[in-house]
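Peer 1: My structure is in query-v6.txt, and what it holds is compact mmCIF, N, CA and C atoms:
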```txt
# COMPACT_ATOMS: atom_id res chain seq x y z
N MET A 15 2.33 29.11 28.68
CA MET A 15 3.72 29.12 29.06
C MET A 15 4.28 27.71 28.96
N LEU A 16 5.41 27.58 28.29
CA LEU A 16 6.08 26.28 28.14
C LEU A 16 7.01 26.03 29.32
N VAL A 17 7.07 24.74 29.73
CA VAL A 17 8.01 24.31 30.76
C VAL A 17 8.68 23.02 30.32
N ARG A 18 9.82 22.77 30.94
CA ARG A 18 10.54 21.50 30.75
C ARG A 18 10.73 20.90 32.13
N LEU A 19 10.34 19.64 32.28
CA LEU A 19 10.46 18.93 33.54
C LEU A 19 11.29 17.68 33.31
N LEU A 20 12.24 17.44 34.18
CA LEU A 20 13.09 16.25 34.11
C LEU A 20 12.98 15.53 35.44
N TYR A 21 12.69 14.24 35.38
CA TYR A 21 12.61 13.46 36.62
C TYR A 21 13.29 12.10 36.43
N ALA A 22 13.56 11.45 37.55
CA ALA A 22 14.07 10.08 37.56
C ALA A 22 13.16 9.25 38.44
N SER A 23 13.08 7.97 38.14
CA SER A 23 12.34 7.05 38.99
C SER A 23 12.88 5.64 38.79
N ARG A 24 12.45 4.77 39.66
CA ARG A 24 12.79 3.36 39.54
C ARG A 24 11.47 2.59 39.36
N ALA A 25 11.53 1.57 38.53
CA ALA A 25 10.35 0.73 38.32
C ALA A 25 10.13 -0.12 39.57
N GLU A 26 8.88 -0.29 39.95
CA GLU A 26 8.55 -1.11 41.11
C GLU A 26 8.90 -2.57 40.87
N THR A 27 8.74 -3.02 39.61
CA THR A 27 9.10 -4.38 39.23
C THR A 27 9.93 -4.33 37.97
N THR A 28 10.64 -5.40 37.68
CA THR A 28 11.45 -5.46 36.46
C THR A 28 10.53 -5.42 35.24
N LEU A 29 10.89 -4.58 34.29
CA LEU A 29 10.07 -4.42 33.09
C LEU A 29 10.75 -5.08 31.89
N ALA A 30 9.96 -5.75 31.11
CA ALA A 30 10.44 -6.35 29.86
C ALA A 30 10.44 -5.28 28.76
N LYS A 31 11.11 -5.58 27.66
CA LYS A 31 11.12 -4.65 26.53
C LYS A 31 9.69 -4.36 26.07
N SER A 32 8.82 -5.34 26.11
CA SER A 32 7.43 -5.13 25.70
C SER A 32 6.72 -4.14 26.62
N ASP A 33 7.09 -4.12 27.91
CA ASP A 33 6.51 -3.16 28.84
C ASP A 33 6.94 -1.74 28.47
N ILE A 34 8.23 -1.57 28.13
CA ILE A 34 8.75 -0.26 27.73
C ILE A 34 8.05 0.18 26.44
N ASP A 35 7.93 -0.75 25.50
CA ASP A 35 7.26 -0.44 24.24
C ASP A 35 5.83 0.03 24.49
N ALA A 36 5.13 -0.62 25.40
CA ALA A 36 3.75 -0.25 25.71
C ALA A 36 3.67 1.15 26.31
N ILE A 37 4.62 1.49 27.17
CA ILE A 37 4.67 2.83 27.77
C ILE A 37 4.86 3.88 26.68
N VAL A 38 5.79 3.62 25.77
CA VAL A 38 6.08 4.57 24.70
C VAL A 38 4.88 4.71 23.75
N VAL A 39 4.26 3.59 23.40
CA VAL A 39 3.09 3.64 22.51
C VAL A 39 1.97 4.44 23.16
N ARG A 40 1.72 4.20 24.43
CA ARG A 40 0.67 4.95 25.15
C ARG A 40 0.99 6.43 25.17
N SER A 41 2.25 6.78 25.44
CA SER A 41 2.66 8.18 25.46
C SER A 41 2.45 8.82 24.10
N ARG A 42 2.81 8.11 23.04
CA ARG A 42 2.64 8.65 21.69
C ARG A 42 1.18 8.82 21.32
N ASP A 43 0.31 8.01 21.94
CA ASP A 43 -1.13 8.13 21.68
C ASP A 43 -1.74 9.34 22.38
N VAL A 44 -1.36 9.58 23.63
CA VAL A 44 -2.02 10.62 24.42
C VAL A 44 -1.28 11.95 24.46
N ASN A 45 0.03 11.94 24.28
CA ASN A 45 0.79 13.18 24.42
C ASN A 45 0.47 14.26 23.38
N PRO A 46 0.22 13.91 22.13
CA PRO A 46 -0.10 14.97 21.16
C PRO A 46 -1.31 15.81 21.56
N ASP A 47 -2.36 15.17 22.07
CA ASP A 47 -3.54 15.91 22.50
C ASP A 47 -3.25 16.80 23.70
N ARG A 48 -2.29 16.40 24.51
CA ARG A 48 -1.90 17.18 25.68
C ARG A 48 -0.87 18.26 25.34
N GLY A 49 -0.31 18.17 24.12
CA GLY A 49 0.74 19.11 23.74
C GLY A 49 2.06 18.81 24.42
N ILE A 50 2.29 17.56 24.77
CA ILE A 50 3.51 17.17 25.48
C ILE A 50 4.46 16.44 24.54
N THR A 51 5.72 16.83 24.61
CA THR A 51 6.79 16.16 23.90
C THR A 51 7.85 15.75 24.91
N GLY A 52 8.78 14.89 24.51
CA GLY A 52 9.82 14.51 25.44
C GLY A 52 10.58 13.28 25.04
N VAL A 53 11.41 12.82 25.97
CA VAL A 53 12.26 11.67 25.75
C VAL A 53 12.27 10.83 27.03
N LEU A 54 12.15 9.52 26.87
CA LEU A 54 12.22 8.58 27.96
C LEU A 54 13.53 7.81 27.85
N CYS A 55 14.33 7.83 28.90
CA CYS A 55 15.57 7.05 28.95
C CYS A 55 15.38 5.96 30.00
N TYR A 56 15.87 4.78 29.71
CA TYR A 56 15.72 3.68 30.65
C TYR A 56 16.94 2.78 30.61
N SER A 57 17.16 2.11 31.71
CA SER A 57 18.24 1.14 31.83
C SER A 57 17.88 0.25 33.00
N GLY A 58 17.50 -0.98 32.70
CA GLY A 58 17.07 -1.87 33.76
C GLY A 58 15.83 -1.32 34.43
N GLU A 59 15.90 -1.10 35.73
CA GLU A 59 14.75 -0.58 36.47
C GLU A 59 14.73 0.94 36.53
N LEU A 60 15.73 1.60 35.99
CA LEU A 60 15.91 3.03 36.12
C LEU A 60 15.30 3.79 34.94
N PHE A 61 14.57 4.86 35.27
CA PHE A 61 14.00 5.73 34.25
C PHE A 61 14.46 7.16 34.47
N MET A 62 14.63 7.87 33.38
CA MET A 62 14.84 9.30 33.40
C MET A 62 14.02 9.83 32.23
N GLN A 63 13.20 10.83 32.49
CA GLN A 63 12.32 11.32 31.43
C GLN A 63 12.25 12.83 31.48
N VAL A 64 12.28 13.42 30.28
CA VAL A 64 12.06 14.86 30.15
C VAL A 64 10.72 15.05 29.46
N LEU A 65 9.92 15.97 30.01
CA LEU A 65 8.62 16.31 29.47
C LEU A 65 8.61 17.80 29.16
N GLU A 66 8.07 18.17 28.01
CA GLU A 66 7.93 19.58 27.65
C GLU A 66 6.49 19.83 27.23
N GLY A 67 6.02 21.03 27.54
CA GLY A 67 4.68 21.40 27.13
C GLY A 67 4.16 22.53 28.00
N GLY A 68 2.86 22.74 27.94
CA GLY A 68 2.24 23.75 28.78
C GLY A 68 2.38 23.39 30.26
N ARG A 69 2.52 24.40 31.09
CA ARG A 69 2.77 24.16 32.52
C ARG A 69 1.69 23.27 33.15
N ASP A 70 0.43 23.57 32.90
CA ASP A 70 -0.63 22.79 33.52
C ASP A 70 -0.59 21.33 33.09
N GLU A 71 -0.43 21.07 31.81
CA GLU A 71 -0.41 19.70 31.31
C GLU A 71 0.80 18.92 31.81
N VAL A 72 1.97 19.55 31.79
CA VAL A 72 3.18 18.87 32.27
C VAL A 72 3.04 18.57 33.77
N ASN A 73 2.53 19.53 34.54
CA ASN A 73 2.36 19.32 35.97
C ASN A 73 1.35 18.19 36.24
N ARG A 74 0.27 18.16 35.47
CA ARG A 74 -0.73 17.10 35.63
C ARG A 74 -0.12 15.73 35.35
N LEU A 75 0.64 15.64 34.25
CA LEU A 75 1.25 14.36 33.90
C LEU A 75 2.26 13.93 34.96
N TYR A 76 3.07 14.85 35.44
CA TYR A 76 4.04 14.51 36.47
C TYR A 76 3.33 14.03 37.74
N ALA A 77 2.22 14.67 38.11
CA ALA A 77 1.45 14.23 39.28
C ALA A 77 0.93 12.80 39.09
N GLU A 78 0.51 12.46 37.86
CA GLU A 78 0.08 11.10 37.57
C GLU A 78 1.23 10.12 37.75
N ILE A 79 2.41 10.50 37.28
CA ILE A 79 3.58 9.63 37.39
C ILE A 79 3.95 9.41 38.85
N VAL A 80 3.93 10.48 39.64
CA VAL A 80 4.26 10.37 41.06
C VAL A 80 3.29 9.41 41.77
N ARG A 81 2.02 9.46 41.42
CA ARG A 81 1.01 8.59 42.05
C ARG A 81 1.00 7.18 41.48
N ASP A 82 1.62 6.96 40.34
CA ASP A 82 1.58 5.66 39.66
C ASP A 82 2.33 4.62 40.50
N PRO A 83 1.66 3.53 40.90
CA PRO A 83 2.31 2.52 41.75
C PRO A 83 3.42 1.75 41.04
N ARG A 84 3.55 1.91 39.73
CA ARG A 84 4.65 1.24 39.02
C ARG A 84 5.97 1.96 39.21
N HIS A 85 5.92 3.21 39.74
CA HIS A 85 7.13 4.00 39.98
C HIS A 85 7.44 4.05 41.47
N ARG A 86 8.72 4.11 41.80
CA ARG A 86 9.15 4.39 43.17
C ARG A 86 10.35 5.33 43.09
N GLU A 87 10.61 6.00 44.18
CA GLU A 87 11.74 6.93 44.24
C GLU A 87 11.68 7.98 43.13
N VAL A 88 10.49 8.49 42.85
CA VAL A 88 10.34 9.54 41.84
C VAL A 88 11.00 10.81 42.38
N GLN A 89 11.91 11.35 41.60
CA GLN A 89 12.64 12.54 42.05
C GLN A 89 12.71 13.58 40.92
N LEU A 90 12.27 14.78 41.23
CA LEU A 90 12.34 15.89 40.28
C LEU A 90 13.81 16.33 40.18
N LEU A 91 14.35 16.32 38.98
CA LEU A 91 15.75 16.69 38.77
C LEU A 91 15.89 18.12 38.26
N ASP A 92 14.93 18.57 37.45
CA ASP A 92 15.01 19.92 36.89
C ASP A 92 13.62 20.34 36.43
N TYR A 93 13.31 21.62 36.62
CA TYR A 93 12.04 22.17 36.18
C TYR A 93 12.31 23.62 35.80
N ALA A 94 11.94 23.99 34.58
CA ALA A 94 12.23 25.36 34.14
C ALA A 94 11.19 25.84 33.14
N GLU A 95 10.94 27.14 33.16
CA GLU A 95 10.18 27.78 32.10
C GLU A 95 11.11 27.88 30.90
N ILE A 96 10.59 27.63 29.71
CA ILE A 96 11.44 27.63 28.51
C ILE A 96 10.80 28.50 27.43
N ALA A 97 11.65 29.04 26.57
CA ALA A 97 11.17 29.86 25.46
C ALA A 97 10.75 28.99 24.28
N GLU A 98 11.40 27.83 24.15
CA GLU A 98 11.08 26.92 23.05
C GLU A 98 11.39 25.50 23.46
N ARG A 99 10.76 24.57 22.78
CA ARG A 99 10.98 23.15 23.05
C ARG A 99 12.31 22.69 22.46
N ARG A 100 12.98 21.82 23.16
CA ARG A 100 14.17 21.18 22.62
C ARG A 100 13.82 19.82 22.04
N PHE A 101 12.72 19.24 22.51
CA PHE A 101 12.33 17.90 22.09
C PHE A 101 11.02 17.92 21.30
N ALA A 102 10.82 18.97 20.54
CA ALA A 102 9.57 19.17 19.81
C ALA A 102 9.31 18.07 18.79
N GLY A 103 10.34 17.44 18.28
CA GLY A 103 10.17 16.41 17.27
C GLY A 103 9.78 15.06 17.81
N TRP A 104 9.66 14.93 19.13
CA TRP A 104 9.36 13.65 19.73
C TRP A 104 8.08 13.72 20.55
N THR A 105 7.02 12.97 20.11
CA THR A 105 5.86 12.83 20.99
C THR A 105 6.29 12.00 22.20
N MET A 106 7.25 11.11 22.00
CA MET A 106 7.97 10.47 23.09
C MET A 106 9.09 9.64 22.48
N GLY A 107 10.28 10.23 22.43
CA GLY A 107 11.45 9.50 21.99
C GLY A 107 11.92 8.60 23.11
N ARG A 108 12.84 7.69 22.79
CA ARG A 108 13.35 6.83 23.85
C ARG A 108 14.80 6.47 23.61
N VAL A 109 15.47 6.21 24.71
CA VAL A 109 16.88 5.82 24.68
C VAL A 109 17.05 4.66 25.65
N ASN A 110 17.58 3.56 25.17
CA ASN A 110 17.96 2.46 26.05
C ASN A 110 19.38 2.76 26.50
N LEU A 111 19.53 3.24 27.71
CA LEU A 111 20.85 3.64 28.21
C LEU A 111 21.80 2.46 28.34
N GLY A 112 21.24 1.26 28.38
CA GLY A 112 22.07 0.07 28.42
C GLY A 112 22.82 -0.14 27.12
N LYS A 113 22.39 0.52 26.05
CA LYS A 113 23.04 0.37 24.74
C LYS A 113 23.86 1.59 24.34
N VAL A 114 23.94 2.58 25.22
CA VAL A 114 24.73 3.79 24.93
C VAL A 114 26.19 3.50 25.24
N ASN A 115 27.08 4.05 24.43
CA ASN A 115 28.52 3.87 24.63
C ASN A 115 28.89 4.28 26.06
N PRO A 116 29.51 3.39 26.84
CA PRO A 116 29.87 3.71 28.22
C PRO A 116 30.76 4.95 28.34
N SER A 117 31.59 5.23 27.33
CA SER A 117 32.45 6.41 27.42
C SER A 117 31.63 7.69 27.39
N LEU A 118 30.49 7.68 26.71
CA LEU A 118 29.61 8.85 26.71
C LEU A 118 29.01 9.05 28.11
N LEU A 119 28.57 7.98 28.72
CA LEU A 119 28.03 8.08 30.08
C LEU A 119 29.10 8.53 31.06
N LEU A 120 30.33 8.05 30.88
CA LEU A 120 31.43 8.41 31.76
C LEU A 120 31.75 9.90 31.65
N LYS A 121 31.48 10.48 30.51
CA LYS A 121 31.70 11.91 30.31
C LYS A 121 30.85 12.74 31.28
N TYR A 122 29.69 12.20 31.66
CA TYR A 122 28.73 12.96 32.46
C TYR A 122 28.56 12.44 33.90
N SER A 123 29.19 11.32 34.22
CA SER A 123 29.02 10.78 35.57
C SER A 123 30.30 10.11 36.06
N GLU A 124 30.31 9.75 37.33
CA GLU A 124 31.50 9.18 37.93
C GLU A 124 31.83 7.80 37.39
N LYS A 125 30.82 7.06 36.99
CA LYS A 125 30.99 5.70 36.48
C LYS A 125 30.31 5.60 35.12
N PRO A 126 30.66 4.60 34.32
CA PRO A 126 30.06 4.49 32.98
C PRO A 126 28.63 3.96 32.98
N LEU A 127 27.96 4.07 34.12
CA LEU A 127 26.55 3.73 34.23
C LEU A 127 25.83 4.98 34.70
N LEU A 128 24.72 5.28 34.09
CA LEU A 128 24.01 6.49 34.47
C LEU A 128 23.23 6.28 35.76
N ASP A 129 23.45 7.17 36.70
CA ASP A 129 22.65 7.22 37.91
C ASP A 129 22.15 8.64 38.04
N PRO A 130 20.93 8.93 37.55
CA PRO A 130 20.44 10.31 37.58
C PRO A 130 20.27 10.85 39.00
N TYR A 131 20.25 9.96 39.98
CA TYR A 131 20.15 10.41 41.37
C TYR A 131 21.48 11.00 41.85
N ALA A 132 22.56 10.72 41.13
CA ALA A 132 23.88 11.18 41.55
C ALA A 132 24.43 12.33 40.70
N ILE A 133 23.63 12.80 39.73
CA ILE A 133 24.06 13.93 38.90
C ILE A 133 23.02 15.03 38.97
N SER A 134 23.42 16.21 38.60
CA SER A 134 22.48 17.33 38.62
C SER A 134 21.54 17.25 37.41
N GLY A 135 20.43 17.94 37.52
CA GLY A 135 19.50 18.01 36.41
C GLY A 135 20.14 18.63 35.18
N LYS A 136 20.99 19.63 35.38
CA LYS A 136 21.67 20.28 34.25
C LYS A 136 22.59 19.30 33.52
N VAL A 137 23.28 18.46 34.28
CA VAL A 137 24.16 17.45 33.68
C VAL A 137 23.31 16.43 32.91
N ALA A 138 22.20 16.02 33.49
CA ALA A 138 21.32 15.07 32.81
C ALA A 138 20.79 15.65 31.50
N LEU A 139 20.41 16.93 31.51
CA LEU A 139 19.95 17.57 30.27
C LEU A 139 21.07 17.64 29.24
N ALA A 140 22.30 17.91 29.68
CA ALA A 140 23.44 17.94 28.75
C ALA A 140 23.65 16.57 28.12
N LEU A 141 23.50 15.52 28.90
CA LEU A 141 23.60 14.17 28.36
C LEU A 141 22.52 13.94 27.31
N LEU A 142 21.29 14.34 27.60
CA LEU A 142 20.21 14.18 26.63
C LEU A 142 20.50 14.94 25.34
N GLU A 143 21.03 16.15 25.47
CA GLU A 143 21.40 16.93 24.28
C GLU A 143 22.41 16.16 23.43
N GLU A 144 23.39 15.56 24.10
CA GLU A 144 24.40 14.81 23.34
C GLU A 144 23.81 13.55 22.73
N LEU A 145 22.91 12.90 23.43
CA LEU A 145 22.25 11.72 22.86
C LEU A 145 21.48 12.09 21.60
N ILE A 146 20.85 13.26 21.59
CA ILE A 146 20.14 13.73 20.41
C ILE A 146 21.14 13.99 19.27
N SER A 147 22.23 14.67 19.59
CA SER A 147 23.19 15.02 18.55
C SER A 147 23.89 13.80 17.96
N THR A 148 23.95 12.71 18.72
CA THR A 148 24.58 11.49 18.22
C THR A 148 23.55 10.49 17.70
N ALA A 149 22.30 10.94 17.57
CA ALA A 149 21.21 10.12 17.03
C ALA A 149 20.95 8.88 17.85
N SER A 150 21.17 8.96 19.17
CA SER A 150 20.89 7.83 20.03
C SER A 150 19.42 7.77 20.43
N VAL A 151 18.68 8.87 20.21
CA VAL A 151 17.25 8.90 20.54
C VAL A 151 16.49 8.32 19.36
N ILE A 152 15.62 7.36 19.66
CA ILE A 152 14.82 6.77 18.58
C ILE A 152 13.35 7.11 18.80
N GLY A 153 12.59 7.03 17.72
CA GLY A 153 11.15 7.23 17.84
C GLY A 153 10.70 8.64 17.54
N ARG A 154 11.41 9.34 16.69
CA ARG A 154 11.01 10.70 16.32
C ARG A 154 9.60 10.66 15.75
N SER A 155 8.81 11.66 16.06
CA SER A 155 7.41 11.67 15.60
C SER A 155 7.34 11.97 14.11
N GLU A 156 6.18 11.73 13.56
CA GLU A 156 5.94 12.01 12.14
C GLU A 156 6.17 13.48 11.82
N ALA A 157 5.82 14.33 12.79
CA ALA A 157 5.93 15.78 12.56
C ALA A 157 7.37 16.26 12.61
N GLY A 158 8.25 15.49 13.25
CA GLY A 158 9.63 15.94 13.48
C GLY A 158 10.48 15.71 12.37
```
For this file, write the structure as structure tokens.

Peer 2:
Amino acid sequence: MLVRLLYASRAETTLAKSDIDAIVVRSRDVNPDRGITGVLCYSGELFMQVLEGGRDEVNRLYAEIVRDPRHREVQLLDYAEIAERRFAGWTMGRVNLGKVNPSLLLKYSEKPLLDPYAISGKVALALLEELISTASVIGRSEAG
């Protein structure tokens, strides 16, 4: 059974671009074997990530994230059984929300800065859909 999980968290410490790159590289290395696809969005200390895959694997990965001391304020935004993957082309795509057009963010939130803690999971997924349609997601996998 496939599921889609969306969560938000804050980094415990400020992360450099190289730290984000390392997270994405690690995800791209291990996610294919787990059958997990998704997209990581970040802006400063803020993360929002969608994970898709088998229920057991997605739940295991989310449990690892919750226990990871590099994360704080981990909050589940949306969790659903799905018929098909929306992010199948990404072993782990990424979006630097700091570089997204502020008017796009304003379309989905009260201010032109994304705060996933202040929007619903459905709104966050709609934003991700638009980011995909506008080619703001980078790092499509070889298979995609």

Peer 1: What does the structure give for the distance between atom C of Gly58 of chain A and atom CA of Ala77 of chain A, in Å to one decimal?

Peer 2: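 Computed distance, atom C of Gly58 of chain A to atom CA of Ala77 of chain A, equals 21.7 Å.
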
Peer 1: As a short mmCIF file (atom, residue, chain, number, x, y, z; two decimals) with N, CA and C atoms, in the coordinates of the input, please: all residues of chain A that backbone DSSP puts in helix (DSSP H, G or I).

Peer 2:
```
data_model
loop_
_atom_site.label_atom_id
_atom_site.label_comp_id
_atom_site.auth_asym_id
_atom_site.auth_seq_id
_atom_site.Cartn_x
_atom_site.Cartn_y
_atom_site.Cartn_z
N LYS A 31 11.11 -5.58 27.66
CA LYS A 31 11.12 -4.65 26.53
C LYS A 31 9.69 -4.36 26.07
N SER A 32 8.82 -5.34 26.11
CA SER A 32 7.43 -5.13 25.70
C SER A 32 6.72 -4.14 26.62
N ASP A 33 7.09 -4.12 27.91
CA ASP A 33 6.51 -3.16 28.84
C ASP A 33 6.94 -1.74 28.47
N ILE A 34 8.23 -1.57 28.13
CA ILE A 34 8.75 -0.26 27.73
C ILE A 34 8.05 0.18 26.44
N ASP A 35 7.93 -0.75 25.50
CA ASP A 35 7.26 -0.44 24.24
C ASP A 35 5.83 0.03 24.49
N ALA A 36 5.13 -0.62 25.40
CA ALA A 36 3.75 -0.25 25.71
C ALA A 36 3.67 1.15 26.31
N ILE A 37 4.62 1.49 27.17
CA ILE A 37 4.67 2.83 27.77
C ILE A 37 4.86 3.88 26.68
N VAL A 38 5.79 3.62 25.77
CA VAL A 38 6.08 4.57 24.70
C VAL A 38 4.88 4.71 23.75
N VAL A 39 4.26 3.59 23.40
CA VAL A 39 3.09 3.64 22.51
C VAL A 39 1.97 4.44 23.16
N ARG A 40 1.72 4.20 24.43
CA ARG A 40 0.67 4.95 25.15
C ARG A 40 0.99 6.43 25.17
N SER A 41 2.25 6.78 25.44
CA SER A 41 2.66 8.18 25.46
C SER A 41 2.45 8.82 24.10
N ARG A 42 2.81 8.11 23.04
CA ARG A 42 2.64 8.65 21.69
C ARG A 42 1.18 8.82 21.32
N ASP A 43 0.31 8.01 21.94
CA ASP A 43 -1.13 8.13 21.68
C ASP A 43 -1.74 9.34 22.38
N VAL A 44 -1.36 9.58 23.63
CA VAL A 44 -2.02 10.62 24.42
C VAL A 44 -1.28 11.95 24.46
N ASN A 45 0.03 11.94 24.28
CA ASN A 45 0.79 13.18 24.42
C ASN A 45 0.47 14.26 23.38
N PRO A 46 0.22 13.91 22.13
CA PRO A 46 -0.10 14.97 21.16
C PRO A 46 -1.31 15.81 21.56
N ASP A 47 -2.36 15.17 22.07
CA ASP A 47 -3.54 15.91 22.50
C ASP A 47 -3.25 16.80 23.70
N ARG A 48 -2.29 16.40 24.51
CA ARG A 48 -1.90 17.18 25.68
C ARG A 48 -0.87 18.26 25.34
N ARG A 69 2.52 24.40 31.09
CA ARG A 69 2.77 24.16 32.52
C ARG A 69 1.69 23.27 33.15
N ASP A 70 0.43 23.57 32.90
CA ASP A 70 -0.63 22.79 33.52
C ASP A 70 -0.59 21.33 33.09
N GLU A 71 -0.43 21.07 31.81
CA GLU A 71 -0.41 19.70 31.31
C GLU A 71 0.80 18.92 31.81
N VAL A 72 1.97 19.55 31.79
CA VAL A 72 3.18 18.87 32.27
C VAL A 72 3.04 18.57 33.77
N ASN A 73 2.53 19.53 34.54
CA ASN A 73 2.36 19.32 35.97
C ASN A 73 1.35 18.19 36.24
N ARG A 74 0.27 18.16 35.47
CA ARG A 74 -0.73 17.10 35.63
C ARG A 74 -0.12 15.73 35.35
N LEU A 75 0.64 15.64 34.25
CA LEU A 75 1.25 14.36 33.90
C LEU A 75 2.26 13.93 34.96
N TYR A 76 3.07 14.85 35.44
CA TYR A 76 4.04 14.51 36.47
C TYR A 76 3.33 14.03 37.74
N ALA A 77 2.22 14.67 38.11
CA ALA A 77 1.45 14.23 39.28
C ALA A 77 0.93 12.80 39.09
N GLU A 78 0.51 12.46 37.86
CA GLU A 78 0.08 11.10 37.57
C GLU A 78 1.23 10.12 37.75
N ILE A 79 2.41 10.50 37.28
CA ILE A 79 3.58 9.63 37.39
C ILE A 79 3.95 9.41 38.85
N VAL A 80 3.93 10.48 39.64
CA VAL A 80 4.26 10.37 41.06
C VAL A 80 3.29 9.41 41.77
N ARG A 81 2.02 9.46 41.42
CA ARG A 81 1.01 8.59 42.05
C ARG A 81 1.00 7.18 41.48
N LEU A 111 19.53 3.24 27.71
CA LEU A 111 20.85 3.64 28.21
C LEU A 111 21.80 2.46 28.34
N GLY A 112 21.24 1.26 28.38
CA GLY A 112 22.07 0.07 28.42
C GLY A 112 22.82 -0.14 27.12
N LYS A 113 22.39 0.52 26.05
CA LYS A 113 23.04 0.37 24.74
C LYS A 113 23.86 1.59 24.34
N PRO A 116 29.51 3.39 26.84
CA PRO A 116 29.87 3.71 28.22
C PRO A 116 30.76 4.95 28.34
N SER A 117 31.59 5.23 27.33
CA SER A 117 32.45 6.41 27.42
C SER A 117 31.63 7.69 27.39
N LEU A 118 30.49 7.68 26.71
CA LEU A 118 29.61 8.85 26.71
C LEU A 118 29.01 9.05 28.11
N LEU A 119 28.57 7.98 28.72
CA LEU A 119 28.03 8.08 30.08
C LEU A 119 29.10 8.53 31.06
N LEU A 120 30.33 8.05 30.88
CA LEU A 120 31.43 8.41 31.76
C LEU A 120 31.75 9.90 31.65
N LYS A 121 31.48 10.48 30.51
CA LYS A 121 31.70 11.91 30.31
C LYS A 121 30.85 12.74 31.28
N TYR A 122 29.69 12.20 31.66
CA TYR A 122 28.73 12.96 32.46
C TYR A 122 28.56 12.44 33.90
N PRO A 130 20.93 8.93 37.55
CA PRO A 130 20.44 10.31 37.58
C PRO A 130 20.27 10.85 39.00
N TYR A 131 20.25 9.96 39.98
CA TYR A 131 20.15 10.41 41.37
C TYR A 131 21.48 11.00 41.85
N ALA A 132 22.56 10.72 41.13
CA ALA A 132 23.88 11.18 41.55
C ALA A 132 24.43 12.33 40.70
N GLY A 135 20.43 17.94 37.52
CA GLY A 135 19.50 18.01 36.41
C GLY A 135 20.14 18.63 35.18
N LYS A 136 20.99 19.63 35.38
CA LYS A 136 21.67 20.28 34.25
C LYS A 136 22.59 19.30 33.52
N VAL A 137 23.28 18.46 34.28
CA VAL A 137 24.16 17.45 33.68
C VAL A 137 23.31 16.43 32.91
N ALA A 138 22.20 16.02 33.49
CA ALA A 138 21.32 15.07 32.81
C ALA A 138 20.79 15.65 31.50
N LEU A 139 20.41 16.93 31.51
CA LEU A 139 19.95 17.57 30.27
C LEU A 139 21.07 17.64 29.24
N ALA A 140 22.30 17.91 29.68
CA ALA A 140 23.44 17.94 28.75
C ALA A 140 23.65 16.57 28.12
N LEU A 141 23.50 15.52 28.90
CA LEU A 141 23.60 14.17 28.36
C LEU A 141 22.52 13.94 27.31
N LEU A 142 21.29 14.34 27.60
CA LEU A 142 20.21 14.18 26.63
C LEU A 142 20.50 14.94 25.34
N GLU A 143 21.03 16.15 25.47
CA GLU A 143 21.40 16.93 24.28
C GLU A 143 22.41 16.16 23.43
N GLU A 144 23.39 15.56 24.10
CA GLU A 144 24.40 14.81 23.34
C GLU A 144 23.81 13.55 22.73
N LEU A 145 22.91 12.90 23.43
CA LEU A 145 22.25 11.72 22.86
C LEU A 145 21.48 12.09 21.60
N ILE A 146 20.85 13.26 21.59
CA ILE A 146 20.14 13.73 20.41
C ILE A 146 21.14 13.99 19.27
N SER A 147 22.23 14.67 19.59
CA SER A 147 23.19 15.02 18.55
C SER A 147 23.89 13.80 17.96
#
```

Peer 1: Would you mind reading off the distance between atom CA of Leu16 of chain A and atom CA of Asp129 of chain A, one decimal, in Å?

Peer 2: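 Separating atom CA of Leu16 of chain A from atom CA of Asp129 of chain A is a distance of 27.1 Å.
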
Peer 1: What's around Asp47 of chain A at 12 Å? Count only C-alpha atoms, leave out sequence neighbours fewer than 5 positions away in its own chain, and write the answer as a compact mmCIF listing (two decimals) with N, CA and C atoms, keeping the file's coordinate frame.

Peer 2:
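out_14.txt, freshly written:
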```txt
# COMPACT_ATOMS: atom_id res chain seq x y z
N SER A 41 2.25 6.78 25.44
CA SER A 41 2.66 8.18 25.46
C SER A 41 2.45 8.82 24.10
N ARG A 42 2.81 8.11 23.04
CA ARG A 42 2.64 8.65 21.69
C ARG A 42 1.18 8.82 21.32
N GLY A 67 6.02 21.03 27.54
CA GLY A 67 4.68 21.40 27.13
C GLY A 67 4.16 22.53 28.00
N GLY A 68 2.86 22.74 27.94
CA GLY A 68 2.24 23.75 28.78
C GLY A 68 2.38 23.39 30.26
N GLU A 71 -0.43 21.07 31.81
CA GLU A 71 -0.41 19.70 31.31
C GLU A 71 0.80 18.92 31.81
N THR A 105 7.02 12.97 20.11
CA THR A 105 5.86 12.83 20.99
C THR A 105 6.29 12.00 22.20
```

Peer 1: Using atom N of Leu19 of chain A and atom N of Val72 of chain A as the two end points, give the distance in Å to one decimal.

Peer 2: 8.4 Å

Peer 1: Given the point (21.0, 11.9, 43.6) in the file's coordinates, find the residues that have an atom at most 12 Å from it, counting only C-alpha atoms, and give them as a ChimeraX atom specification.

Peer 2: /A:21-23,87-91,123,128-135,137-138

Peer 1: For Phe101 of chain A, which residue among A:Ile34, A:Leu60, A:Leu145, A:Val53 is the nearest when counting only N, CA and C atoms?

Peer 2: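 Under the stated criterion, the closest residue is A:Val53.
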
Peer 1: As an MDAnalysis selection string, which residues of segment 59-128 of chain A does DSSP assign to strand (DSSP E)?

Peer 2: chainID A and resid 60:68 85:96 107:110

Peer 1: In terms of the shortest atom-to-atom distance over only C-alpha atoms, which of A:Ser32, A:Asn45, A:Ser57, A:Gln63 is closest to Leu111 of chain A?

Peer 2: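 For Leu111 of chain A, the nearest of the candidates is A:Ser57.
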